Structures are given as C-alpha cells and as structure tokens.
Amino acid sequence: MGGVITAGPGAGGPKVSQDVANYRPATGNDSCSVCKHFLPPDACELVDGMISPGGVSDLFERAAGTAPDAQSVLDAFMTGVSPNAT
Ligand code: SF4
C-alpha cells in the first residue's frame with residue numbers, strides 16, 4: 001500500500017506508519033523504552049502515532065547505556081516476558 005510516509009508533527013521529520021515498522025508488543029529485551037528513537041512518554045521519532053514504552057518495531061536501536069543485565073536476559077529467555085515492559 002502507498003502513502004506510508006507521513007509528516008510527523010513535533011519530531012522534525014517524516015515518519016513511517018506502525019504497520020510498515022512492524023510495531024508490536026515487545027516480548028524480549030528490546031522495547032521502545034530502551035530504544036534511542038523513543039520520545040517519552042508516548043511517541044517515536046521514526047514511527048507515527050501513539051507509541052508505548054512496552055512496544056517495539058523493526059526500527060529498534062538500543063540506546064547507549066541501556067544494556068540489560070545478565071539476570072534480566074535470562075529471565076526474559078526463560079519466561080518470554082520482557083523485563084523492560086512495565
Ligand atoms: S522500537 Fe521502533 S517504535 Fe519503538 S521507539 Fe524504537 S524505532 Fe520507535
């Protein structure tokens with residue numbers, strides 16, 4: 001489908017739709033809350049619309065200084081639940 005690039009108010013540039021970015025609930029250690037593109041409390045500089053800290057998209061890039069600790073990685077691996085989700 002066309003028209004995926006939209007003007008993003010307040011973020012200074014075009015954004016892609018949530019569908020195009022494959023925005024979805026986060027299930028691992030990667031989530032919007034630790035992504036360098038997340039704009040708290042509920043926006044993203046790359047993806048349009050309301051963005052939850054507990055979501056994630058294919059454009060995820062971990063922000064510096066947010067590496068999960070070993071226990072969090074293991075917990076997420078064993079339970080499938082993100083330690084970064086609220
Ligand atoms: S994971 Fe995707 S939607 Fe979430 S903040 Fe990062 S780029 Fe934006």
# chains A, B, ... in the order shown; residues from 1 in each chain; ligands from 1
>>> closest_atom_pairs(of="chain A", to="ligand 1", cutoff="8 Å", atoms="only C-alpha atoms and all ligand atoms", output="CSV")
residue,atom,partner,partner_atom_place_in_ligand_line,distance
A:Gln18,CA,ligand 1,3 (S),7.4
A:Ala21,CA,ligand 1,2 (Fe),6.9
A:Tyr23,CA,ligand 1,3 (S),5.9
A:Asp30,CA,ligand 1,1 (S),7.4
A:Ser31,CA,ligand 1,1 (S),5.6
A:Cys32,CA,ligand 1,4 (Fe),3.7
A:Ser33,CA,ligand 1,5 (S),6.9
A:Val34,CA,ligand 1,5 (S),7.7
A:Cys35,CA,ligand 1,6 (Fe),4.5
A:Lys36,CA,ligand 1,6 (Fe),6.3
A:His37,CA,ligand 1,5 (S),4.6
A:Phe38,CA,ligand 1,5 (S),3.6
A:Leu39,CA,ligand 1,5 (S),7.0
A:Ala43,CA,ligand 1,5 (S),7.2
A:Cys44,CA,ligand 1,8 (Fe),4.4
A:Glu45,CA,ligand 1,8 (Fe),6.4
A:Leu46,CA,ligand 1,8 (Fe),5.6
A:Val47,CA,ligand 1,8 (Fe),5.4
A:Ile51,CA,ligand 1,3 (S),6.2
A:Ser52,CA,ligand 1,4 (Fe),7.5
A:Pro53,CA,ligand 1,4 (Fe),7.2
A:Gly55,CA,ligand 1,4 (Fe),6.0
A:Val56,CA,ligand 1,1 (S),3.9
A:Ser57,CA,ligand 1,2 (Fe),3.8
A:Asp58,CA,ligand 1,2 (Fe),6.0
A:Leu59,CA,ligand 1,7 (S),4.4
A:Phe60,CA,ligand 1,1 (S),3.8
A:Glu61,CA,ligand 1,6 (Fe),6.1
A:Arg62,CA,ligand 1,6 (Fe),7.8
>>> select_by_dssp(residues="region 18-85 of chain A", states="strand (DSSP E or B)", output="ChimeraX atom specification")
/A:24-25,35,38-39,43-44,47,55-56,62
>>> closest_residue(among="A:Asp48, A:Lys15, A:Pro68, A:Asn29", to="Gly80 (chain A)", atoms="only C-alpha atoms")
A:Asn29
>>> decode(residues="region 19-66 of chain A", atoms="C-alpha atoms", output="mmCIF file, in the first residue's frame")
data_model
loop_
_atom_site.group_PDB
_atom_site.id
_atom_site.type_symbol
_atom_site.label_atom_id
_atom_site.label_comp_id
_atom_site.auth_asym_id
_atom_site.auth_seq_id
_atom_site.Cartn_x
_atom_site.Cartn_y
_atom_site.Cartn_z
ATOM 1 C CA ASP A 19 2.298 -1.191 10.049
ATOM 2 C CA VAL A 20 5.376 -0.520 7.946
ATOM 3 C CA ALA A 21 7.623 -0.508 11.014
ATOM 4 C CA ASN A 22 6.014 -3.737 12.270
ATOM 5 C CA TYR A 23 5.233 -2.053 15.573
ATOM 6 C CA ARG A 24 4.007 -4.633 18.094
ATOM 7 C CA PRO A 25 4.058 -5.504 21.796
ATOM 8 C CA ALA A 26 7.605 -6.197 22.959
ATOM 9 C CA THR A 27 8.275 -9.768 24.049
ATOM 10 C CA GLY A 28 12.023 -9.720 24.710
ATOM 11 C CA ASN A 29 14.696 -7.389 25.995
ATOM 12 C CA ASP A 30 14.229 -4.960 23.139
ATOM 13 C CA SER A 31 11.449 -2.434 23.631
ATOM 14 C CA CYS A 32 10.690 1.196 22.892
ATOM 15 C CA SER A 33 11.572 2.091 26.487
ATOM 16 C CA VAL A 34 15.254 1.377 25.750
ATOM 17 C CA CYS A 35 15.256 2.443 22.086
ATOM 18 C CA LYS A 36 17.184 5.544 21.128
ATOM 19 C CA HIS A 37 14.303 6.697 18.915
ATOM 20 C CA PHE A 38 11.693 6.677 21.706
ATOM 21 C CA LEU A 39 10.289 10.076 22.674
ATOM 22 C CA PRO A 40 8.753 9.719 26.161
ATOM 23 C CA PRO A 41 6.081 9.424 27.177
ATOM 24 C CA ASP A 42 4.352 8.024 24.092
ATOM 25 C CA ALA A 43 5.990 8.882 20.772
ATOM 26 C CA CYS A 44 8.797 7.860 18.449
ATOM 27 C CA GLU A 45 10.935 9.966 16.156
ATOM 28 C CA LEU A 46 10.620 7.390 13.351
ATOM 29 C CA VAL A 47 7.195 5.759 13.753
ATOM 30 C CA ASP A 48 3.880 7.580 13.600
ATOM 31 C CA GLY A 49 1.149 7.550 16.220
ATOM 32 C CA MET A 50 0.985 6.640 19.898
ATOM 33 C CA ILE A 51 3.989 4.558 20.918
ATOM 34 C CA SER A 52 4.074 2.591 24.166
ATOM 35 C CA PRO A 53 7.307 2.030 26.099
ATOM 36 C CA GLY A 54 6.275 -1.634 26.095
ATOM 37 C CA GLY A 55 6.161 -1.869 22.307
ATOM 38 C CA VAL A 56 8.894 -2.482 19.764
ATOM 39 C CA SER A 57 9.355 -2.197 16.000
ATOM 40 C CA ASP A 58 11.733 -3.357 13.292
ATOM 41 C CA LEU A 59 13.475 0.015 13.561
ATOM 42 C CA PHE A 60 14.592 -0.680 17.129
ATOM 43 C CA GLU A 61 18.073 0.527 18.049
ATOM 44 C CA ARG A 62 19.181 0.175 21.642
ATOM 45 C CA ALA A 63 20.053 3.447 23.331
ATOM 46 C CA ALA A 64 23.532 3.782 24.795
ATOM 47 C CA GLY A 65 23.777 2.722 28.408
ATOM 48 C CA THR A 66 20.655 0.563 28.399
#
